[in-house]
file model09.txt (compact mmCIF, C-alpha atoms and all ligand atoms)
# COMPACT_ATOMS: atom_id res chain seq x y z
CA MET G 1 -4.60 -19.09 -18.24
CA LEU G 2 -7.35 -21.09 -16.53
CA ILE G 3 -8.02 -20.20 -12.91
CA LYS G 4 -10.59 -21.26 -10.34
CA SER G 5 -10.61 -18.16 -8.13
CA VAL G 6 -9.43 -14.56 -8.36
CA SER G 7 -7.31 -15.26 -5.27
CA GLN G 8 -4.96 -17.08 -7.62
CA LEU G 9 -4.31 -13.75 -9.32
CA ILE G 10 -2.87 -12.10 -6.21
CA GLY G 11 0.83 -11.28 -6.48
CA HIS G 12 3.40 -11.90 -9.21
CA THR G 13 2.73 -8.45 -10.60
CA PRO G 14 4.96 -6.94 -13.30
CA LEU G 15 8.00 -4.77 -12.54
CA ILE G 16 8.33 -2.02 -15.15
CA ASP G 17 11.61 -0.39 -16.15
CA LEU G 18 10.25 3.14 -16.47
CA GLN G 19 11.38 4.88 -19.62
CA ILE G 20 12.60 7.95 -17.83
CA THR G 21 16.05 9.21 -18.74
CA ILE G 22 18.15 10.01 -15.71
CA PRO G 23 21.44 11.83 -16.45
CA ASN G 24 23.61 9.41 -14.43
CA ASN G 25 22.16 6.43 -16.30
CA SER G 26 20.24 5.12 -13.29
CA HIS G 27 16.98 3.26 -13.73
CA ILE G 28 13.71 3.51 -11.86
CA TYR G 29 11.70 0.27 -11.68
CA ALA G 30 8.12 0.23 -10.39
CA LYS G 31 6.14 -2.78 -9.17
CA LEU G 32 2.71 -2.44 -10.75
CA GLU G 33 0.45 -3.49 -7.89
CA MET G 34 -2.74 -2.27 -9.57
CA PHE G 35 -2.64 -5.58 -11.47
CA ASN G 36 -3.77 -7.48 -8.38
CA PRO G 37 -7.44 -8.55 -8.75
CA GLY G 38 -8.75 -6.10 -6.13
CA GLY G 39 -6.67 -3.42 -7.79
CA SER G 40 -4.02 -2.75 -5.16
CA VAL G 41 -0.97 -3.90 -3.23
CA LYS G 42 -3.28 -4.59 -0.27
CA ASP G 43 -4.82 -7.73 -1.79
CA ARG G 44 -1.66 -9.47 -0.59
CA LEU G 45 -2.32 -8.17 2.92
CA GLY G 46 -6.01 -9.10 3.01
CA GLN G 47 -5.25 -12.65 1.93
CA PHE G 48 -2.31 -12.99 4.33
CA MET G 49 -4.00 -11.54 7.44
CA ILE G 50 -7.20 -13.54 7.00
CA GLN G 51 -5.26 -16.77 6.43
CA ALA G 52 -3.10 -16.02 9.50
CA GLY G 53 -6.29 -15.49 11.55
CA ILE G 54 -7.72 -18.81 10.34
CA ASP G 55 -4.46 -20.69 10.92
CA SER G 56 -4.16 -19.37 14.47
CA GLY G 57 -7.79 -20.23 15.28
CA LYS G 58 -8.74 -16.57 15.88
CA ILE G 59 -11.12 -16.74 12.92
CA THR G 60 -13.71 -19.52 12.89
CA ALA G 61 -16.54 -20.32 10.45
CA ASP G 62 -18.85 -17.53 11.62
CA THR G 63 -16.45 -14.87 12.89
CA THR G 64 -17.29 -11.27 11.97
CA ILE G 65 -14.23 -9.51 10.56
CA ILE G 66 -13.89 -5.80 11.42
CA GLU G 67 -11.10 -3.52 10.13
CA PRO G 68 -10.28 0.19 9.92
CA THR G 69 -9.01 1.18 6.47
CA ALA G 70 -8.48 3.90 3.89
CA GLY G 71 -10.07 1.50 1.43
CA ASN G 72 -7.48 -0.64 -0.28
CA THR G 73 -6.85 -2.88 2.72
CA GLY G 74 -10.61 -3.14 3.07
CA ILE G 75 -10.98 -4.27 -0.53
CA GLY G 76 -8.20 -6.84 0.00
CA ILE G 77 -9.84 -8.11 3.18
CA ALA G 78 -13.30 -8.25 1.57
CA LEU G 79 -11.89 -10.32 -1.30
CA ALA G 80 -10.40 -12.77 1.20
CA THR G 81 -13.38 -12.94 3.56
CA GLN G 82 -15.77 -13.50 0.64
CA GLN G 83 -13.91 -16.72 -0.13
CA HIS G 84 -14.58 -17.92 3.41
CA HIS G 85 -18.14 -16.51 3.69
CA LEU G 86 -17.17 -14.38 6.69
CA PRO G 87 -19.33 -11.33 7.50
CA THR G 88 -17.17 -8.22 7.18
CA ILE G 89 -17.46 -4.68 8.55
CA LEU G 90 -15.02 -2.06 7.25
CA VAL G 91 -14.61 1.25 9.05
CA VAL G 92 -13.57 4.06 6.71
CA PRO G 93 -13.07 7.79 7.30
CA GLU G 94 -15.59 9.41 4.94
CA LYS G 95 -12.93 11.43 3.07
CA PHE G 96 -11.54 8.38 1.25
CA SER G 97 -12.52 7.85 -2.37
CA PHE G 98 -16.08 7.14 -3.43
CA GLU G 99 -14.87 4.39 -5.76
CA LYS G 100 -13.01 2.45 -3.05
CA GLN G 101 -16.06 2.64 -0.78
CA GLN G 102 -18.31 1.38 -3.60
CA LEU G 103 -15.94 -1.51 -4.32
CA MET G 104 -15.85 -2.66 -0.68
CA LYS G 105 -19.65 -2.74 -0.65
CA ALA G 106 -19.77 -4.51 -4.02
CA LEU G 107 -17.70 -7.33 -2.52
CA GLY G 108 -20.32 -7.76 0.21
CA ALA G 109 -18.74 -5.85 3.10
CA ARG G 110 -20.72 -3.54 5.34
CA LEU G 111 -19.27 -0.05 5.50
CA ILE G 112 -19.25 2.24 8.53
CA ASN G 113 -18.00 5.80 7.96
CA THR G 114 -16.21 7.86 10.58
CA PRO G 115 -15.71 11.65 10.47
CA SER G 116 -12.82 12.74 8.23
CA GLU G 117 -11.44 15.08 10.87
CA LEU G 118 -10.89 12.17 13.28
CA GLY G 119 -8.52 10.62 10.72
CA ILE G 120 -7.50 6.98 10.65
CA LYS G 121 -7.22 7.06 14.48
CA GLY G 122 -10.98 7.72 14.59
CA ALA G 123 -11.60 4.67 12.38
CA ILE G 124 -9.31 2.51 14.55
CA LYS G 125 -11.20 3.54 17.69
CA LYS G 126 -14.59 2.91 16.09
CA ALA G 127 -13.52 -0.53 14.76
CA ASN G 128 -12.41 -1.55 18.25
CA GLU G 129 -15.71 -0.32 19.73
CA ILE G 130 -17.75 -2.30 17.18
CA ALA G 131 -15.65 -5.38 17.88
CA ALA G 132 -16.17 -5.06 21.64
CA ALA G 133 -19.94 -5.04 21.02
CA THR G 134 -19.94 -7.92 18.49
CA ASP G 135 -19.87 -11.58 19.52
CA ASN G 136 -17.19 -13.73 17.85
CA SER G 137 -15.52 -10.83 16.08
CA TYR G 138 -11.92 -10.38 15.00
CA VAL G 139 -10.04 -7.22 14.07
CA PRO G 140 -6.98 -8.06 11.93
CA MET G 141 -5.71 -4.50 12.73
CA GLN G 142 -3.26 -3.85 9.94
CA PHE G 143 -1.61 -1.07 11.98
CA LYS G 144 -0.05 -3.53 14.43
CA ASN G 145 -0.55 -7.07 13.09
CA PRO G 146 2.87 -8.71 12.41
CA ALA G 147 1.18 -10.49 9.48
CA ASN G 148 1.18 -7.09 7.73
CA PRO G 149 4.95 -6.74 7.17
CA ALA G 150 5.15 -10.53 6.89
CA ALA G 151 2.80 -10.47 3.89
CA TYR G 152 5.29 -8.32 1.99
CA TYR G 153 8.41 -9.98 3.38
CA HIS G 154 7.17 -13.31 2.02
CA THR G 155 5.60 -12.22 -1.29
CA LEU G 156 6.41 -8.85 -2.81
CA ALA G 157 10.02 -8.56 -1.66
CA PRO G 158 11.20 -11.94 -3.01
CA GLU G 159 9.40 -11.14 -6.27
CA LEU G 160 11.48 -7.96 -6.61
CA ILE G 161 14.73 -9.92 -6.27
CA VAL G 162 13.63 -12.38 -8.97
CA ASP G 163 12.09 -9.72 -11.25
CA LEU G 164 15.18 -7.52 -11.39
CA ASP G 165 18.05 -9.96 -10.95
CA GLU G 166 20.46 -7.04 -10.40
CA PRO G 167 21.54 -5.25 -7.21
CA ILE G 168 18.93 -2.87 -5.78
CA THR G 169 20.63 0.41 -4.86
CA ALA G 170 17.57 1.98 -3.26
CA PHE G 171 14.07 0.88 -2.30
CA ILE G 172 11.64 3.77 -2.15
CA ALA G 173 8.01 3.43 -1.05
CA GLY G 174 5.21 5.17 0.76
CA ALA G 175 3.88 4.26 4.19
CA GLY G 176 0.33 4.26 5.53
CA SER G 177 0.23 1.33 7.92
CA GLY G 178 3.96 0.95 7.16
CA GLY G 179 3.65 -2.81 6.61
CA THR G 180 4.61 -2.86 2.94
CA PHE G 181 7.61 -0.62 3.52
CA ALA G 182 8.83 -2.48 6.62
CA GLY G 183 8.35 -6.00 5.23
CA VAL G 184 10.06 -5.29 1.92
CA THR G 185 12.87 -3.29 3.55
CA LYS G 186 13.64 -6.09 5.99
CA TYR G 187 13.88 -8.68 3.21
CA LEU G 188 15.90 -6.53 0.83
CA LYS G 189 18.44 -5.53 3.49
CA GLU G 190 18.87 -9.18 4.47
CA GLN G 191 19.68 -9.93 0.83
CA ASP G 192 21.95 -6.89 0.39
CA PRO G 193 22.77 -4.71 3.42
CA THR G 194 23.91 -1.88 1.11
CA THR G 195 20.37 -1.35 -0.25
CA LYS G 196 19.09 2.02 0.95
CA ALA G 197 15.52 2.18 2.28
CA ILE G 198 13.73 5.48 1.73
CA VAL G 199 10.21 6.03 3.03
CA VAL G 200 7.84 8.47 1.33
CA GLU G 201 5.08 10.47 3.00
CA PRO G 202 2.81 13.32 1.88
CA GLU G 203 3.01 16.76 3.48
CA GLY G 204 0.71 16.55 6.51
CA SER G 205 2.09 13.17 7.62
CA ILE G 206 4.22 13.26 10.77
CA LEU G 207 7.37 11.21 9.99
CA ASN G 208 9.56 14.22 9.20
CA GLY G 209 8.25 16.03 12.24
CA GLY G 210 6.03 18.45 10.34
CA PRO G 211 2.58 19.38 11.67
CA ALA G 212 -0.23 16.92 10.87
CA HIS G 213 -2.74 18.31 8.39
CA PRO G 214 -5.07 16.96 5.67
CA HIS G 215 -3.60 16.01 2.30
CA ARG G 216 -5.00 14.86 -1.05
CA THR G 217 -2.46 12.06 -1.54
CA GLU G 218 -4.40 8.98 -0.51
CA GLY G 219 -3.50 5.69 1.19
CA ILE G 220 -0.13 6.86 2.53
CA GLY G 221 0.71 9.27 5.32
CA VAL G 222 0.76 8.47 9.01
CA GLU G 223 -0.74 9.96 12.16
CA PHE G 224 1.59 7.88 14.40
CA VAL G 225 4.93 6.17 13.74
CA PRO G 226 4.16 2.62 12.53
CA PRO G 227 5.31 0.08 15.17
CA PHE G 228 6.82 -2.03 12.34
CA PHE G 229 9.50 0.65 11.85
CA LYS G 230 11.18 -0.54 15.09
CA ASP G 231 12.34 -3.66 13.21
CA ILE G 232 14.07 -1.92 10.30
CA THR G 233 16.67 0.72 9.45
CA ILE G 234 15.29 3.64 7.45
CA ASP G 235 17.98 5.58 5.59
CA GLN G 236 15.88 8.60 4.64
CA THR G 237 12.37 10.03 4.90
CA LEU G 238 11.12 12.12 1.99
CA THR G 239 8.08 14.35 2.25
CA ILE G 240 6.32 15.01 -1.06
CA SER G 241 3.72 17.71 -1.68
CA ASP G 242 0.31 16.84 -3.14
CA ALA G 243 1.20 19.05 -6.12
CA ASP G 244 4.36 17.05 -6.87
CA ALA G 245 2.52 13.73 -6.47
CA PHE G 246 -0.32 14.71 -8.83
CA LYS G 247 2.14 16.15 -11.36
CA GLN G 248 3.69 12.67 -11.63
CA VAL G 249 0.24 11.01 -11.76
CA LYS G 250 -0.48 13.05 -14.89
CA ALA G 251 2.99 12.52 -16.37
CA LEU G 252 2.76 8.74 -15.94
CA ALA G 253 -0.52 8.63 -17.86
CA ARG G 254 0.68 10.93 -20.62
CA THR G 255 4.18 9.54 -21.13
CA GLN G 256 4.08 5.91 -19.96
CA GLY G 257 0.46 4.88 -20.44
CA LEU G 258 0.18 4.14 -16.74
CA PHE G 259 -2.95 4.89 -14.71
CA VAL G 260 -1.72 5.31 -11.16
CA GLY G 261 -3.10 6.76 -7.93
CA SER G 262 -1.54 9.60 -5.97
CA SER G 263 0.59 7.37 -3.72
CA SER G 264 2.33 6.13 -6.88
CA GLY G 265 2.82 9.73 -8.00
CA ALA G 266 4.46 10.50 -4.64
CA ALA G 267 6.65 7.38 -4.97
CA LEU G 268 7.86 8.50 -8.40
CA ALA G 269 8.44 12.10 -7.27
CA ALA G 270 10.59 10.77 -4.42
CA SER G 271 12.43 8.34 -6.72
CA LEU G 272 13.33 11.18 -9.10
CA LYS G 273 14.71 13.25 -6.20
CA VAL G 274 16.78 10.34 -4.90
CA ALA G 275 18.03 9.41 -8.38
CA GLU G 276 20.02 12.65 -8.55
CA THR G 277 21.92 11.76 -5.39
CA LEU G 278 22.91 8.15 -6.18
CA PRO G 279 26.03 6.90 -7.98
CA PRO G 280 25.82 6.31 -11.77
CA ASN G 281 24.03 3.15 -12.95
CA SER G 282 21.97 2.82 -9.77
CA ASN G 283 18.83 0.71 -9.65
CA ILE G 284 15.92 2.33 -7.83
CA VAL G 285 12.94 0.12 -7.06
CA THR G 286 9.60 1.57 -6.05
CA ILE G 287 6.00 0.44 -5.68
CA PHE G 288 2.95 1.79 -7.50
CA PRO G 289 0.19 0.69 -5.07
CA ASP G 290 -2.97 1.27 -7.13
CA SER G 291 -4.68 2.76 -10.17
CA SER G 292 -6.08 6.22 -10.84
CA GLU G 293 -9.34 4.60 -11.87
CA ARG G 294 -10.42 4.48 -8.22
CA TYR G 295 -9.90 8.24 -7.86
CA LEU G 296 -11.47 9.59 -11.06
CA SER G 297 -14.36 11.12 -9.10
CA GLU G 298 -11.74 13.37 -7.50
CA ASN G 299 -10.91 14.87 -10.91
CA ILE G 300 -7.26 13.97 -10.53
CA TYR G 301 -6.41 14.58 -14.20
CA ASP G 302 -7.88 18.11 -14.30
N1 LIG K 401 -3.28 1.91 2.78
C1 LIG K 401 -3.85 1.32 3.95
C2 LIG K 401 -5.34 1.11 3.75
O1 LIG K 401 -5.81 1.19 2.66
C3 LIG K 401 -3.54 2.15 5.19
C4 LIG K 401 -4.06 3.52 5.10
S1 LIG K 401 -3.66 4.53 6.45
C5 LIG K 401 -3.79 6.08 5.73
O2 LIG K 401 -6.08 0.81 4.63

call {"tool": "encode", "arguments": {"input": "model09.txt", "output": "structure tokens"}}
result
Amino acid sequence: MLIKSVSQLIGHTPLIDLQITIPNNSHIYAKLEMFNPGGSVKDRLGQFMIQAGIDSGKITADTTIIEPTAGNTGIGIALATQQHHLPTILVVPEKFSFEKQQLMKALGARLINTPSELGIKGAIKKANEIAAATDNSYVPMQFKNPANPAAYYHTLAPELIVDLDEPITAFIAGAGSGGTFAGVTKYLKEQDPTTKAIVVEPEGSILNGGPAHPHRTEGIGVEFVPPFFKDITIDQTLTISDADAFKQVKALARTQGLFVGSSSGAALAASLKVAETLPPNSNIVTIFPDSSERYLSENIYD
């Protein structure tokens, strides 16, 4: 394959039929988003939000791009802004992985850290403050930009329909900004209203009403209900412990040869729980957002 830019490698990732035997003969399929060039599902978002900003005239030739992120969205944005030579400032709570922070800098972005205890809300506030003090700046703001769910509605979701070519009984995925979950859910339910949409969060995220507290599962978990959830019907919310997520991270490496991050582990743990409750021969589709290789400094296989 001859390409002219890594941006051509975004999307069209493989969907794997996981070789996990489920007693009722259901299958779990996982979209392997670590095969995007920036290593995560958020490359789609970076490309889509920056293009939307350019198309709408909000981004011009010398606009400074500023965004709060746990890292993957920042890597996706930095990949996109590099193509357009746009200066980029990414605001990241310091708790997020060393590797993701290194990769954002490697792509040419400037990194500003915010205190871990202020969470993603602290990074959002700081990004807005920097933008207010920066001439010709633009904050894509993944947490409320309609281009976020749209990125997944127009790319990942249609790919799932083509990849599987069978009815999808349940779609199960984590939520951080909620854009991936909302965009894919909207598309899949338009195609087949019987598809169940199940959102996954770590313990310490607030969707199931539990108290907010820190968790090791990275990139998913919310401090406020994503505004995109107003546009979709969610059939179930599953809360997965860090222990259960990391157990599946290890199992996927050992039994399937798959290096996945903790949000993928949580997605599989949730899929296995749901599989027991569905009719025989169900098709469960989930998303594995990124690779374990960007979390090795956290000793996730110990
Ligand atoms: N996964 C998104 C990001 O990388 C949102 C994270 S919010 C915990 O920025």

call {"tool": "closest_atom_pairs", "arguments": {"input": "model09.txt", "of": "chain G", "to": "ligand LIG 401 (chain K)", "cutoff": "9 Å", "atoms": "all atoms listed in the file", "output": "Markdown table"}}
result
| residue | atom | partner | partner_atom | distance |
| --- | --- | --- | --- | --- |
| G:Ser40 | CA | K:LIG401 | O1 | 8.9 |
| G:Val41 | CA | K:LIG401 | N1 | 8.7 |
| G:Lys42 | CA | K:LIG401 | O1 | 7.0 |
| G:Glu67 | CA | K:LIG401 | O2 | 8.6 |
| G:Pro68 | CA | K:LIG401 | O2 | 6.8 |
| G:Thr69 | CA | K:LIG401 | O2 | 3.5 |
| G:Ala70 | CA | K:LIG401 | O2 | 4.0 |
| G:Gly71 | CA | K:LIG401 | O1 | 4.4 |
| G:Asn72 | CA | K:LIG401 | O1 | 3.8 |
| G:Thr73 | CA | K:LIG401 | O1 | 4.2 |
| G:Gly74 | CA | K:LIG401 | O2 | 6.2 |
| G:Ile75 | CA | K:LIG401 | O1 | 8.2 |
| G:Gly76 | CA | K:LIG401 | O1 | 8.8 |
| G:Val92 | CA | K:LIG401 | O2 | 8.4 |
| G:Gly119 | CA | K:LIG401 | C5 | 8.2 |
| G:Ile120 | CA | K:LIG401 | S1 | 6.2 |
| G:Gln142 | CA | K:LIG401 | O2 | 7.6 |
| G:Phe143 | CA | K:LIG401 | C3 | 7.8 |
| G:Ala175 | CA | K:LIG401 | N1 | 7.7 |
| G:Gly176 | CA | K:LIG401 | S1 | 4.1 |
| G:Ser177 | CA | K:LIG401 | C3 | 4.7 |
| G:Gly178 | CA | K:LIG401 | C3 | 7.8 |
| G:Gly179 | CA | K:LIG401 | C3 | 8.8 |
| G:Glu218 | CA | K:LIG401 | C5 | 6.9 |
| G:Gly219 | CA | K:LIG401 | N1 | 4.1 |
| G:Ile220 | CA | K:LIG401 | C5 | 4.9 |
| G:Gly221 | CA | K:LIG401 | C5 | 5.5 |
| G:Val222 | CA | K:LIG401 | C5 | 6.1 |
| G:Glu223 | CA | K:LIG401 | C5 | 8.1 |
| G:Pro289 | CA | K:LIG401 | N1 | 8.7 |

call {"tool": "residues_around", "arguments": {"input": "model09.txt", "residues": "stretch 245-252 of chain G", "least_positions_apart": "5", "cutoff": "10 Å", "atoms": "all atoms listed in the file", "output": "PyMOL selection string"}}
result
chain G and resi 18+202+216-217+240+257-270+291-292+300-302

call {"tool": "residues_around", "arguments": {"input": "model09.txt", "residues": "stretch 224-233 of chain G", "least_positions_apart": "2", "cutoff": "12 Å", "atoms": "all atoms listed in the file", "output": "compact mmCIF listing (two decimals) with C-alpha atoms, keeping the file's coordinate frame"}}
result
# COMPACT_ATOMS: atom_id res chain seq x y z
CA GLY G 119 -8.52 10.62 10.72
CA ILE G 120 -7.50 6.98 10.65
CA LYS G 121 -7.22 7.06 14.48
CA GLN G 142 -3.26 -3.85 9.94
CA PHE G 143 -1.61 -1.07 11.98
CA LYS G 144 -0.05 -3.53 14.43
CA ASN G 145 -0.55 -7.07 13.09
CA PRO G 146 2.87 -8.71 12.41
CA ALA G 147 1.18 -10.49 9.48
CA ASN G 148 1.18 -7.09 7.73
CA PRO G 149 4.95 -6.74 7.17
CA ALA G 150 5.15 -10.53 6.89
CA ALA G 175 3.88 4.26 4.19
CA GLY G 176 0.33 4.26 5.53
CA SER G 177 0.23 1.33 7.92
CA GLY G 178 3.96 0.95 7.16
CA GLY G 179 3.65 -2.81 6.61
CA THR G 180 4.61 -2.86 2.94
CA PHE G 181 7.61 -0.62 3.52
CA ALA G 182 8.83 -2.48 6.62
CA GLY G 183 8.35 -6.00 5.23
CA VAL G 184 10.06 -5.29 1.92
CA THR G 185 12.87 -3.29 3.55
CA LYS G 186 13.64 -6.09 5.99
CA TYR G 187 13.88 -8.68 3.21
CA LEU G 188 15.90 -6.53 0.83
CA LYS G 189 18.44 -5.53 3.49
CA GLU G 190 18.87 -9.18 4.47
CA PRO G 193 22.77 -4.71 3.42
CA THR G 194 23.91 -1.88 1.11
CA THR G 195 20.37 -1.35 -0.25
CA LYS G 196 19.09 2.02 0.95
CA ALA G 197 15.52 2.18 2.28
CA ILE G 198 13.73 5.48 1.73
CA VAL G 199 10.21 6.03 3.03
CA GLU G 201 5.08 10.47 3.00
CA GLY G 204 0.71 16.55 6.51
CA SER G 205 2.09 13.17 7.62
CA ILE G 206 4.22 13.26 10.77
CA LEU G 207 7.37 11.21 9.99
CA ASN G 208 9.56 14.22 9.20
CA GLY G 209 8.25 16.03 12.24
CA PRO G 211 2.58 19.38 11.67
CA ALA G 212 -0.23 16.92 10.87
CA ILE G 220 -0.13 6.86 2.53
CA GLY G 221 0.71 9.27 5.32
CA VAL G 222 0.76 8.47 9.01
CA ASP G 235 17.98 5.58 5.59
CA GLN G 236 15.88 8.60 4.64
CA THR G 237 12.37 10.03 4.90

call {"tool": "residues_around", "arguments": {"input": "model09.txt", "residues": "G:Arg110", "least_positions_apart": "2", "cutoff": "10 Å", "atoms": "only C-alpha atoms", "output": "list in words"}}
result
Ile66, Ala78, Pro87, Thr88, Ile89, Leu90, Val91, Gln101, Met104, Lys105, Ala106, Leu107, Gly108 and Ile112 of chain G

call {"tool": "residues_around", "arguments": {"input": "model09.txt", "residues": "G:Ile20", "least_positions_apart": "6", "cutoff": "12 Å", "atoms": "only C-alpha atoms", "output": "compact mmCIF listing (two decimals) with C-alpha atoms, keeping the file's coordinate frame"}}
result
# COMPACT_ATOMS: atom_id res chain seq x y z
CA SER G 26 20.24 5.12 -13.29
CA HIS G 27 16.98 3.26 -13.73
CA ILE G 28 13.71 3.51 -11.86
CA TYR G 29 11.70 0.27 -11.68
CA ALA G 30 8.12 0.23 -10.39
CA GLN G 248 3.69 12.67 -11.63
CA ALA G 251 2.99 12.52 -16.37
CA LEU G 252 2.76 8.74 -15.94
CA THR G 255 4.18 9.54 -21.13
CA GLN G 256 4.08 5.91 -19.96
CA LEU G 268 7.86 8.50 -8.40
CA SER G 271 12.43 8.34 -6.72
CA LEU G 272 13.33 11.18 -9.10
CA ALA G 275 18.03 9.41 -8.38
CA ILE G 284 15.92 2.33 -7.83

call {"tool": "atom_distance", "arguments": {"input": "model09.txt", "atom1": "atom CA of G:Tyr138", "atom2": "atom CA of G:Ile50"}}
result
9.8 Å

call {"tool": "residues_around", "arguments": {"input": "model09.txt", "residues": "G:Asn24", "least_positions_apart": "6", "cutoff": "10 Å", "atoms": "only C-alpha atoms", "output": "VMD selection string"}}
result
chain G and resid 275 to 282

call {"tool": "atom_distance", "arguments": {"input": "model09.txt", "atom1": "atom CA of G:Asp242", "atom2": "atom CA of G:Val274"}}
result
17.8 Å

call {"tool": "atom_distance", "arguments": {"input": "model09.txt", "atom1": "atom CA of G:Asp17", "atom2": "atom CA of G:Lys31"}}
result
9.2 Å

call {"tool": "closest_residue", "arguments": {"input": "model09.txt", "among": "G:Gln191, G:Gln8, G:Thr60, G:Gln82", "to": "G:Thr169", "atoms": "only C-alpha atoms"}}
result
G:Gln191

call {"tool": "decode", "arguments": {"input": "model09.txt", "residues": "stretch 47-79 of chain G", "atoms": "C-alpha atoms", "output": "mmCIF file, in the first residue's frame"}}
result
data_model
loop_
_atom_site.group_PDB
_atom_site.id
_atom_site.type_symbol
_atom_site.label_atom_id
_atom_site.label_comp_id
_atom_site.auth_asym_id
_atom_site.auth_seq_id
_atom_site.Cartn_x
_atom_site.Cartn_y
_atom_site.Cartn_z
ATOM 1 C CA GLN G 47 -9.262 14.734 12.078
ATOM 2 C CA PHE G 48 -13.016 15.387 12.072
ATOM 3 C CA MET G 49 -13.047 18.284 14.576
ATOM 4 C CA ILE G 50 -10.123 20.098 12.960
ATOM 5 C CA GLN G 51 -11.638 19.716 9.487
ATOM 6 C CA ALA G 52 -15.008 20.949 10.817
ATOM 7 C CA GLY G 53 -13.254 23.990 12.325
ATOM 8 C CA ILE G 54 -11.528 24.746 9.018
ATOM 9 C CA ASP G 55 -14.705 24.242 6.983
ATOM 10 C CA SER G 56 -16.694 26.579 9.231
ATOM 11 C CA GLY G 57 -13.984 29.264 9.118
ATOM 12 C CA LYS G 58 -13.327 29.052 12.888
ATOM 13 C CA ILE G 59 -9.792 27.838 12.169
ATOM 14 C CA THR G 60 -7.632 29.944 9.856
ATOM 15 C CA ALA G 61 -3.995 29.568 8.757
ATOM 16 C CA ASP G 62 -2.479 30.757 12.043
ATOM 17 C CA THR G 63 -5.101 29.793 14.623
ATOM 18 C CA THR G 64 -3.783 28.306 17.870
ATOM 19 C CA ILE G 65 -5.674 25.121 18.736
ATOM 20 C CA ILE G 66 -6.267 24.482 22.452
ATOM 21 C CA GLU G 67 -7.951 21.359 23.879
ATOM 22 C CA PRO G 68 -8.424 19.611 27.231
ATOM 23 C CA THR G 69 -7.772 15.871 26.993
ATOM 24 C CA ALA G 70 -6.852 12.648 28.754
ATOM 25 C CA GLY G 71 -4.330 12.163 25.964
ATOM 26 C CA ASN G 72 -5.804 10.198 23.100
ATOM 27 C CA THR G 73 -7.920 13.058 21.772
ATOM 28 C CA GLY G 74 -4.851 15.233 22.119
ATOM 29 C CA ILE G 75 -2.775 12.831 20.036
ATOM 30 C CA GLY G 76 -5.542 12.741 17.403
ATOM 31 C CA ILE G 77 -5.747 16.533 17.338
ATOM 32 C CA ALA G 78 -1.951 16.929 17.182
ATOM 33 C CA LEU G 79 -1.817 14.560 14.199
#
